[in-house]
Structures are given as structure tokens and as C-alpha cells.
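Trainee: Input structure: work-v5.tsv, which contains TSV, C-alpha atoms (C1' of nucleotides).
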chain	number	residue	atom	x	y	z
A	21	MET	CA	-36.57	11.74	8.16
A	22	GLN	CA	-38.24	9.28	10.54
A	23	ASN	CA	-41.37	9.90	8.56
A	24	ASP	CA	-39.64	8.89	5.35
A	25	ILE	CA	-38.73	5.52	6.80
A	26	ARG	CA	-42.23	4.88	8.05
A	27	GLU	CA	-43.62	5.92	4.68
A	28	ALA	CA	-41.30	3.45	2.91
A	29	ARG	CA	-42.25	0.62	5.24
A	30	LYS	CA	-45.92	1.26	4.68
A	31	THR	CA	-45.45	1.02	0.94
A	32	LEU	CA	-43.51	-2.23	1.29
A	33	GLU	CA	-46.36	-3.73	3.26
A	34	ASP	CA	-48.72	-2.59	0.53
A	35	PHE	CA	-46.73	-4.62	-1.97
A	36	GLU	CA	-47.02	-7.69	0.23
A	37	ILE	CA	-50.77	-7.30	0.40
A	38	GLU	CA	-51.03	-6.75	-3.37
A	39	ASN	CA	-48.94	-9.82	-4.10
A	40	GLY	CA	-50.70	-11.98	-1.55
A	41	SER	CA	-47.42	-12.34	0.39
A	42	SER	CA	-45.23	-13.68	-2.43
A	43	ASP	CA	-42.75	-16.23	-1.11
A	44	GLU	CA	-39.97	-17.11	-3.53
A	45	ILE	CA	-39.64	-15.11	-6.74
A	46	ASP	CA	-40.28	-17.15	-9.88
A	47	ASP	CA	-37.33	-17.64	-12.22
A	48	GLU	CA	-38.61	-15.46	-15.04
A	49	THR	CA	-39.30	-12.50	-12.75
A	50	LEU	CA	-35.94	-12.97	-11.06
A	51	PHE	CA	-34.27	-12.90	-14.46
A	52	ILE	CA	-35.95	-9.68	-15.54
A	53	VAL	CA	-35.27	-8.02	-12.20
A	54	THR	CA	-31.58	-8.86	-12.14
A	55	GLN	CA	-31.11	-8.00	-15.82
A	56	THR	CA	-32.68	-4.63	-15.30
A	57	PHE	CA	-30.65	-3.88	-12.20
A	58	LYS	CA	-27.54	-5.03	-14.04
A	59	ALA	CA	-28.33	-2.43	-16.68
A	60	LEU	CA	-28.39	0.20	-13.94
A	61	GLY	CA	-25.23	-1.16	-12.36
A	62	ASP	CA	-22.83	0.40	-14.84
A	63	PRO	CA	-21.68	4.04	-14.71
A	64	THR	CA	-21.73	4.51	-18.47
A	65	ARG	CA	-25.30	3.26	-18.81
A	66	VAL	CA	-26.48	5.29	-15.81
A	67	ARG	CA	-24.97	8.44	-17.31
A	68	ILE	CA	-26.62	7.73	-20.64
A	69	LEU	CA	-30.01	7.05	-19.07
A	70	HIS	CA	-29.77	10.09	-16.84
A	71	LEU	CA	-29.06	12.19	-19.90
A	72	LEU	CA	-31.95	10.63	-21.82
A	73	PHE	CA	-34.17	11.29	-18.84
A	74	LYS	CA	-33.76	14.98	-19.51
A	75	LYS	CA	-33.91	14.96	-23.28
A	76	GLU	CA	-33.92	12.91	-26.45
A	77	CYS	CA	-30.40	12.63	-27.87
A	78	SER	CA	-28.62	11.38	-30.94
A	79	VAL	CA	-25.81	8.88	-30.52
A	80	ASN	CA	-23.10	11.43	-31.26
A	81	GLU	CA	-24.72	13.92	-28.96
A	82	ILE	CA	-24.50	11.40	-26.13
A	83	ALA	CA	-20.92	10.53	-27.00
A	84	ASP	CA	-19.88	14.20	-27.11
A	85	THR	CA	-21.78	15.26	-24.00
A	86	LEU	CA	-20.49	12.43	-21.84
A	87	ASP	CA	-17.08	12.14	-23.51
A	88	ILE	CA	-17.47	8.48	-24.41
A	89	ARG	CA	-16.53	6.92	-27.75
A	90	GLN	CA	-19.32	6.56	-30.28
A	91	SER	CA	-18.77	2.82	-30.47
A	92	THR	CA	-19.13	2.41	-26.72
A	93	VAL	CA	-22.33	4.45	-26.69
A	94	SER	CA	-23.76	2.40	-29.52
A	95	HIS	CA	-22.97	-0.87	-27.79
A	96	GLN	CA	-24.58	0.29	-24.55
A	97	LEU	CA	-27.62	1.63	-26.37
A	98	ARG	CA	-28.13	-1.76	-27.95
A	99	PHE	CA	-27.92	-3.31	-24.49
A	100	LEU	CA	-30.51	-0.86	-23.16
A	101	LYS	CA	-32.69	-1.33	-26.21
A	102	ASN	CA	-32.80	-5.10	-25.78
A	103	LEU	CA	-34.21	-4.51	-22.31
A	104	ARG	CA	-36.66	-1.98	-23.76
A	105	LEU	CA	-35.24	0.71	-21.54
A	106	VAL	CA	-34.66	3.01	-24.53
A	107	LYS	CA	-36.20	3.48	-27.96
A	108	TYR	CA	-35.24	5.60	-30.97
A	109	ARG	CA	-36.74	7.48	-33.85
A	110	ARG	CA	-34.97	8.01	-37.12
A	111	ALA	CA	-34.41	11.44	-38.72
A	112	GLY	CA	-32.43	10.89	-41.88
A	113	THR	CA	-29.15	9.33	-40.93
A	114	THR	CA	-29.44	10.42	-37.33
A	115	LEU	CA	-31.07	8.28	-34.62
A	116	PHE	CA	-32.64	10.05	-31.69
A	117	TYR	CA	-32.76	7.93	-28.58
A	118	SER	CA	-35.09	8.42	-25.65
A	119	HIS	CA	-36.05	6.43	-22.59
A	120	ASP	CA	-38.82	3.88	-22.92
A	121	ASP	CA	-39.63	2.72	-19.38
A	122	GLU	CA	-41.05	5.34	-17.08
A	123	HIS	CA	-41.05	3.03	-14.09
A	124	VAL	CA	-37.39	2.11	-14.37
A	125	MET	CA	-36.48	5.77	-14.91
A	126	LEU	CA	-38.38	6.60	-11.74
A	127	ILE	CA	-36.41	3.96	-9.88
A	128	LEU	CA	-33.13	5.31	-11.27
A	129	GLU	CA	-33.92	8.87	-10.22
A	130	GLN	CA	-35.07	7.63	-6.82
A	131	MET	CA	-31.74	5.89	-6.30
A	132	ILE	CA	-29.74	8.93	-7.44
A	133	ASN	CA	-31.71	11.01	-4.99
A	134	HIS	CA	-31.22	8.49	-2.21
A	135	ALA	CA	-27.49	8.30	-2.90
A	136	CYS	CA	-26.75	12.00	-3.00
A	137	HIS	CA	-28.95	12.81	0.00
A	138	SER	CA	-26.99	10.52	2.33
B	25	MET	CA	-52.37	1.95	-16.33
B	26	GLN	CA	-52.20	5.26	-18.20
B	27	ASN	CA	-52.62	6.90	-14.85
B	28	ASP	CA	-49.62	5.02	-13.47
B	29	ILE	CA	-47.42	6.42	-16.19
B	30	ARG	CA	-48.60	9.94	-15.63
B	31	GLU	CA	-48.08	9.49	-11.89
B	32	ALA	CA	-44.51	8.32	-12.47
B	33	ARG	CA	-43.74	11.24	-14.75
B	34	LYS	CA	-45.05	13.65	-12.19
B	35	THR	CA	-42.80	12.18	-9.54
B	36	LEU	CA	-39.81	12.36	-11.88
B	37	GLU	CA	-40.46	16.03	-12.43
B	38	ASP	CA	-40.66	16.49	-8.69
B	39	PHE	CA	-37.15	15.08	-8.39
B	40	GLU	CA	-35.92	17.56	-10.98
B	41	ILE	CA	-37.43	20.44	-9.05
B	42	GLU	CA	-36.03	19.19	-5.74
B	43	ASN	CA	-32.55	18.81	-7.21
B	44	GLY	CA	-32.65	22.14	-8.97
B	45	SER	CA	-32.41	20.34	-12.35
B	46	SER	CA	-29.26	18.32	-11.68
B	47	ASP	CA	-27.21	18.07	-14.83
B	48	GLU	CA	-24.40	15.53	-14.65
B	49	ILE	CA	-24.26	13.23	-11.65
B	50	ASP	CA	-21.21	13.78	-9.46
B	51	ASP	CA	-18.70	10.93	-9.31
B	52	GLU	CA	-19.37	9.94	-5.72
B	53	THR	CA	-23.12	9.70	-6.24
B	54	LEU	CA	-22.61	7.82	-9.48
B	55	PHE	CA	-20.38	5.36	-7.65
B	56	ILE	CA	-22.88	4.70	-4.88
B	57	VAL	CA	-25.76	4.37	-7.33
B	58	THR	CA	-23.99	1.89	-9.58
B	59	GLN	CA	-22.61	-0.11	-6.64
B	60	THR	CA	-26.06	-0.41	-5.16
B	61	PHE	CA	-27.65	-1.43	-8.43
B	62	LYS	CA	-24.81	-3.89	-8.96
B	63	ALA	CA	-25.75	-5.44	-5.64
B	64	LEU	CA	-29.30	-5.89	-6.93
B	65	GLY	CA	-28.08	-7.21	-10.26
B	66	ASP	CA	-27.29	-10.71	-9.06
B	67	PRO	CA	-29.93	-13.45	-8.61
B	68	THR	CA	-28.37	-14.84	-5.43
B	69	ARG	CA	-28.28	-11.46	-3.73
B	70	VAL	CA	-31.79	-10.61	-4.83
B	71	ARG	CA	-33.09	-13.89	-3.43
B	72	ILE	CA	-31.28	-13.28	-0.16
B	73	LEU	CA	-32.59	-9.74	0.15
B	74	HIS	CA	-36.11	-10.77	-0.78
B	75	LEU	CA	-35.97	-13.39	1.95
B	76	LEU	CA	-34.62	-10.90	4.48
B	77	PHE	CA	-37.37	-8.52	3.48
B	78	LYS	CA	-39.85	-10.96	4.97
B	79	LYS	CA	-37.91	-12.03	8.03
B	80	GLU	CA	-34.63	-11.96	9.88
B	81	CYS	CA	-32.59	-15.09	9.09
B	82	SER	CA	-29.45	-16.86	10.22
B	83	VAL	CA	-26.81	-17.66	7.61
B	84	ASN	CA	-27.62	-21.37	7.59
B	85	GLU	CA	-31.32	-20.63	7.40
B	86	ILE	CA	-30.70	-18.60	4.25
B	87	ALA	CA	-28.46	-21.29	2.78
B	88	ASP	CA	-31.01	-24.04	3.50
B	89	THR	CA	-34.05	-22.08	2.36
B	90	LEU	CA	-32.53	-20.98	-0.93
B	91	ASP	CA	-30.37	-24.07	-1.45
B	92	ILE	CA	-27.11	-22.18	-1.70
B	93	ARG	CA	-23.82	-23.17	-0.04
B	94	GLN	CA	-23.07	-21.57	3.30
B	95	SER	CA	-19.83	-20.14	1.96
B	96	THR	CA	-21.57	-18.45	-0.94
B	97	VAL	CA	-24.19	-16.95	1.35
B	98	SER	CA	-21.52	-15.66	3.68
B	99	HIS	CA	-19.58	-14.05	0.85
B	100	GLN	CA	-22.69	-12.34	-0.50
B	101	LEU	CA	-23.73	-11.18	2.95
B	102	ARG	CA	-20.36	-9.54	3.39
B	103	PHE	CA	-20.87	-7.81	0.05
B	104	LEU	CA	-24.30	-6.58	1.12
B	105	LYS	CA	-23.01	-5.59	4.54
B	106	ASN	CA	-20.25	-3.43	3.04
B	107	LEU	CA	-22.95	-1.49	1.22
B	108	ARG	CA	-24.96	-1.30	4.47
B	109	LEU	CA	-27.84	-3.11	2.81
B	110	VAL	CA	-27.94	-5.69	5.61
B	111	LYS	CA	-27.00	-5.81	9.30
B	112	TYR	CA	-26.83	-8.62	11.85
B	113	ARG	CA	-27.31	-9.31	15.51
B	114	ARG	CA	-25.50	-12.05	17.34
B	115	ALA	CA	-27.26	-14.76	19.39
B	116	GLY	CA	-24.57	-17.05	20.71
B	117	THR	CA	-22.81	-18.57	17.78
B	118	THR	CA	-25.62	-17.73	15.39
B	119	LEU	CA	-25.81	-14.48	13.44
B	120	PHE	CA	-29.23	-13.20	12.48
B	121	TYR	CA	-29.18	-11.03	9.40
B	122	SER	CA	-31.81	-8.50	8.44
B	123	HIS	CA	-32.12	-5.72	5.89
B	124	ASP	CA	-30.74	-2.31	6.78
B	125	ASP	CA	-31.89	0.05	4.03
B	126	GLU	CA	-35.63	0.58	3.78
B	127	HIS	CA	-35.34	2.71	0.69
B	128	VAL	CA	-33.34	0.18	-1.29
B	129	MET	CA	-35.71	-2.59	-0.18
B	130	LEU	CA	-38.59	-0.50	-1.44
B	131	ILE	CA	-36.86	-0.12	-4.77
B	132	LEU	CA	-36.22	-3.87	-4.95
B	133	GLU	CA	-39.85	-4.74	-4.24
B	134	GLN	CA	-40.97	-2.09	-6.72
B	135	MET	CA	-38.85	-3.69	-9.41
B	136	ILE	CA	-40.06	-7.20	-8.59
B	137	ASN	CA	-43.59	-5.91	-8.85
B	138	HIS	CA	-42.88	-4.13	-12.09
B	139	ALA	CA	-41.25	-7.23	-13.56
B	140	CYS	CA	-43.91	-9.74	-12.70
B	141	HIS	CA	-46.79	-7.44	-13.67
B	142	SER	CA	-45.56	-7.12	-17.26
C	12	DA	C1'	-9.26	-26.68	27.61
C	13	DC	C1'	-11.93	-29.48	24.22
C	14	DG	C1'	-15.39	-30.74	20.99
C	15	DA	C1'	-19.25	-29.34	18.31
C	16	DT	C1'	-21.51	-26.09	15.66
C	17	DA	C1'	-21.98	-21.54	13.14
C	18	DT	C1'	-19.88	-18.41	10.35
C	19	DA	C1'	-15.98	-16.15	7.86
C	20	DT	C1'	-12.08	-16.07	4.87
C	21	DG	C1'	-8.67	-16.87	1.05
C	22	DA	C1'	-7.22	-18.85	-3.17
C	23	DA	C1'	-8.44	-20.51	-7.55
C	24	DC	C1'	-11.15	-21.21	-11.49
C	25	DA	C1'	-14.68	-20.33	-14.91
C	26	DC	C1'	-17.21	-17.01	-16.81
C	27	DA	C1'	-19.09	-12.35	-17.78
C	28	DT	C1'	-18.43	-7.58	-18.77
C	29	DT	C1'	-16.56	-3.40	-20.77
C	30	DA	C1'	-14.02	-0.46	-23.76
C	31	DT	C1'	-11.52	-0.18	-27.86
C	32	DC	C1'	-10.11	-0.56	-32.68
C	33	DA	C1'	-11.14	-1.53	-37.20
C	34	DT	C1'	-14.57	-1.99	-40.26
C	35	DA	C1'	-19.22	-2.55	-42.03
C	36	DT	C1'	-23.76	-0.73	-43.00
C	37	DA	C1'	-27.24	2.82	-43.88
C	38	DC	C1'	-28.90	7.13	-45.42
C	39	DG	C1'	-28.94	11.68	-47.83
C	40	DC	C1'	-27.24	14.39	-51.39
C	41	DA	C1'	-24.72	16.01	-55.53
D	25	DT	C1'	-23.45	6.11	-58.68
D	26	DG	C1'	-20.27	7.71	-55.46
D	27	DC	C1'	-19.06	10.59	-51.32
D	28	DG	C1'	-19.66	12.07	-46.61
D	29	DT	C1'	-21.67	11.51	-42.28
D	30	DA	C1'	-24.11	8.77	-38.61
D	31	DT	C1'	-24.49	4.59	-36.51
D	32	DA	C1'	-23.79	-0.49	-35.86
D	33	DT	C1'	-21.09	-4.58	-35.49
D	34	DG	C1'	-17.37	-8.05	-34.52
D	35	DA	C1'	-13.14	-9.40	-32.52
D	36	DT	C1'	-10.09	-8.76	-28.89
D	37	DA	C1'	-7.87	-7.73	-24.57
D	38	DA	C1'	-8.23	-6.34	-19.84
D	39	DT	C1'	-10.70	-6.51	-15.93
D	40	DG	C1'	-14.37	-7.86	-12.81
D	41	DT	C1'	-17.58	-11.30	-10.74
D	42	DG	C1'	-19.54	-15.46	-8.56
D	43	DT	C1'	-19.00	-20.02	-6.81
D	44	DT	C1'	-16.44	-23.54	-4.81
D	45	DC	C1'	-13.21	-25.98	-1.79
D	46	DA	C1'	-10.46	-26.04	2.06
D	47	DT	C1'	-9.62	-24.06	6.15
D	48	DA	C1'	-9.72	-20.57	9.76
D	49	DT	C1'	-12.10	-18.25	13.52
D	50	DA	C1'	-15.55	-17.76	17.07
D	51	DT	C1'	-18.83	-19.10	20.56
D	52	DC	C1'	-21.07	-22.24	23.61
D	53	DG	C1'	-21.48	-26.08	26.75
D	54	DT	C1'	-19.15	-29.61	29.36
Transcribe the structure of this file into C-alpha cells.
Mentor:
Amino acid sequence: MQNDIREARKTLEDFEIENGSSDEIDDETLFIVTQTFKALGDPTRVRILHLLFKKECSVNEIADTLDIRQSTVSHQLRFLKNLRLVKYRRAGTTLFYSHDDEHVMLILEQMINHACHS
Amino acid sequence: MQNDIREARKTLEDFEIENGSSDEIDDETLFIVTQTFKALGDPTRVRILHLLFKKECSVNEIADTLDIRQSTVSHQLRFLKNLRLVKYRRAGTTLFYSHDDEHVMLILEQMINHACHS
DNA sequence: ACGATATATGAACACATTATCATATACGCA
DNA sequence: TGCGTATATGATAATGTGTTCATATATCGT
């Protein structure tokens, strides 16, 4: 436990060194950061991403599994796609979605872990 | 680069193993996760947290440094305090705020790094 | 107790977000 | 070409969010 905290702090300092002690965040970076976190700030999108973390899914599969309307799923997938957090491949009339940003998925799973172990 | 991705995937799999392949996220965890990400999904709050990452600050110091009204800063600090993302110590009439969740700060700095290196 | 300064709070407004319904589009197949 | 299924889109209504102004509270020094 104590070790975890010290480990985290060490990594934070590493970032500072890497960045050359970044002062204020530039506007473009700030925009991307907040947009991405906004994407993760909604239960529906988190559930979809968490599902896609485990396996590629069609739109209807997502809707059925999570008990969300197809239209809602589609809207949220477009949102996630614009941020390049998901991608899809076509198979006939069916679209199979999967995640497209390993780093963000790692962050999501980290947060889920952090939240349920506390 | 390629190595980074493989490293991330490995860590994701580790989470799966740790969790015993968690299927759906339970409601309470989902709530905490989305609330926390929501906190990080606003430019003002991100700027405040990023500042507090570097040093403890009084409310006015934050307001002056980031050019935000005192009232706005105070409101956002309350928001962050409710989520236990920040804490404060009193020194007379001045309140010095600092961050209070190493793990979330790590995630924030990770995302900033990810965003500006892309 | 009073004035000065630091911070917090509440109400109000503008704006963003989300889910839903109805409908459109796209593809495969007979 | 026309039908059935899968997905996308647009408009709308309900709700949530962020900032601001005005004002309240709190602490210190005199």
C-alpha cells in the first residue's frame, strides 16, 4: 500500500523530468485531454469501452449485452470514433467495433481498478 | 513505440488476471469511475489540478495564476474536494490546497503526456 | 468589537449533454 | 428490383454543467 503511493510519486516525477518541468498546458493538449476524459466521464461510454476491451462487438451485440437502445449505442460509438478511441471493420451489413487506443484503455482499466479497490 | 503498445497490452492483461476477468462493472464502481473522469473532463479543473501537482497553492494564488475568478476556483475546489482529489490546510485566513490522490494525479499526467506526444 | 482580507455559498443564466423516437441509409440476398 | 436486417442520423426534450454576480462567513490584527 505505502509502496504503491511511493511508486506512483516516482512515476510522476519521471514525467516532470521527461517534459522538462512543463508549466502551463498548451491549449491544444488541454483540449485533447479534457475531451478524452469527457469521453470516459459517461457511464454508457465506459460500459461500451469496457466491453470492447474484452472483445470486438457488433452494434447490436453491444446494445443487447448492455441493454441500451441501438440508437444510443450508435450515437456514442460515433462520439468515441471521432476521438479515435474505437474503430470498426465491416462484415456484410454488420459493423464490428473494437478499441483503438491502447493507452486510453489502460488508463480506463487503471481507474476501474483504483475505484473498486478503495 | 511498438514496444509501448505491447507493454500497455501486457499491463491490461495483468488487470484482467488480478480481477479474475471482471465482466460487467458494478454500479458503485462505475459511478466512482465516471465521476472521477468527469472531474478530469473540464479544462478549468485540469488546469487547477495540474498546478496543484507542482505545488500547494492558496485559492487566490490559483485564481491569479490561471486568470480565473476566485468564485469559480472556489466552486471547482469544492467539487474536487468532494471527490477527495484535493485537500487543504489552513494558515490563518488563507487556505492552501494540494492534491490528495496520487493515483488520479498519475493518470492525469499520463493523459497529458499521451496527448501532447501525439 | 471593527475593519480588512481570504474564502465560501446561493441563485441565475447560458450552454452542453444524453437518451429517445422516427426515419434514413446501406448491404446482402432472392 | 425489392425485401429484410444492421446501422446511422436528425430533431427534440429533459437534465446536467460551468461561470458569474452578489453576498455571506471566517480569521486576523488593532
Trainee: Just how far from CA of Tyr117 (chain A) is CA of Asn80 (chain A), in Å to one decimal?
Mentor: 10.6 Å
Trainee: So how far away is CA of Ser98 (chain B) from CA of Gly116 (chain B), in Å?
Mentor: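 CA of Ser98 (chain B) lies at a distance of 17.4 Å from CA of Gly116 (chain B).
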Trainee: Do you have, as a Markdown table, the list of residues of chain B lying at most 6 Å from chain A, each with its nearest atom pair and that distance in Å to one decimal, counting all atoms listed in the file and ordered by chain then number?
Mentor:
| residue | atom | partner | partner_atom | distance |
| --- | --- | --- | --- | --- |
| B:Leu36 | CA | A:Leu126 | CA | 5.9 |
| B:Thr53 | CA | A:Cys136 | CA | 5.4 |
| B:Thr58 | CA | A:Gly61 | CA | 4.3 |
| B:Phe61 | CA | A:Gly61 | CA | 4.6 |
| B:Lys62 | CA | A:Gly61 | CA | 4.4 |
| B:Leu64 | CA | A:Phe57 | CA | 5.8 |
| B:Gly65 | CA | A:Thr54 | CA | 4.3 |
| B:Asp66 | CA | A:Thr54 | CA | 5.6 |
| B:Leu130 | CA | A:Leu32 | CA | 5.9 |
| B:Ala139 | CA | A:Thr49 | CA | 5.7 |
| B:Cys140 | CA | A:Thr49 | CA | 5.4 |
Trainee: Against chain D, which residues of chain A fall within 9 Å? For each one I want the closest pair of atoms and the distance in Å (one decimal), counting only C-alpha atoms (C1' of nucleotides), rows by chain and increasing residue number, as JSON lines.
Mentor:
{"residue": "A:Val79", "atom": "CA", "partner": "D:DT31", "partner_atom": "C1'", "distance": 7.5}
{"residue": "A:Asn80", "atom": "CA", "partner": "D:DA30", "partner_atom": "C1'", "distance": 7.9}
{"residue": "A:Gln90", "atom": "CA", "partner": "D:DT31", "partner_atom": "C1'", "distance": 8.3}
{"residue": "A:Ser91", "atom": "CA", "partner": "D:DA32", "partner_atom": "C1'", "distance": 8.1}
{"residue": "A:Ser94", "atom": "CA", "partner": "D:DA32", "partner_atom": "C1'", "distance": 7.0}
{"residue": "A:His95", "atom": "CA", "partner": "D:DA32", "partner_atom": "C1'", "distance": 8.1}
{"residue": "A:Thr113", "atom": "CA", "partner": "D:DA30", "partner_atom": "C1'", "distance": 5.6}
{"residue": "A:Thr114", "atom": "CA", "partner": "D:DA30", "partner_atom": "C1'", "distance": 5.7}
{"residue": "A:Leu115", "atom": "CA", "partner": "D:DT31", "partner_atom": "C1'", "distance": 7.8}
Trainee: Set the cut-off to 12 Å and count all atoms listed in the file: what are the residues of chain C that reach chain A? Output as a list in words.
Mentor: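 Listing them in order of chain and number gives DA27, DT28, DT29, DA30, DT31, DC32, DA33, DT34, DT36, DA37, DC38, DG39 and DC40 of chain C.
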Trainee: Put those residues in a file: C-alpha atoms (C1' of nucleotides), as a short mmCIF file (atom, residue, chain, number, x, y, z; two decimals), keeping the file's coordinate frame.
Mentor:
data_model
loop_
_atom_site.label_atom_id
_atom_site.label_comp_id
_atom_site.auth_asym_id
_atom_site.auth_seq_id
_atom_site.Cartn_x
_atom_site.Cartn_y
_atom_site.Cartn_z
"C1'" DA C 27 -19.09 -12.35 -17.78
"C1'" DT C 28 -18.43 -7.58 -18.77
"C1'" DT C 29 -16.56 -3.40 -20.77
"C1'" DA C 30 -14.02 -0.46 -23.76
"C1'" DT C 31 -11.52 -0.18 -27.86
"C1'" DC C 32 -10.11 -0.56 -32.68
"C1'" DA C 33 -11.14 -1.53 -37.20
"C1'" DT C 34 -14.57 -1.99 -40.26
"C1'" DT C 36 -23.76 -0.73 -43.00
"C1'" DA C 37 -27.24 2.82 -43.88
"C1'" DC C 38 -28.90 7.13 -45.42
"C1'" DG C 39 -28.94 11.68 -47.83
"C1'" DC C 40 -27.24 14.39 -51.39
#
Trainee: Mind giving me the straight-line distance from CA of Phe116 (chain A) to CA of Glu81 (chain A) in Å, one decimal?
Mentor: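 About the pair CA of Phe116 (chain A) and CA of Glu81 (chain A): they are 9.2 Å apart.
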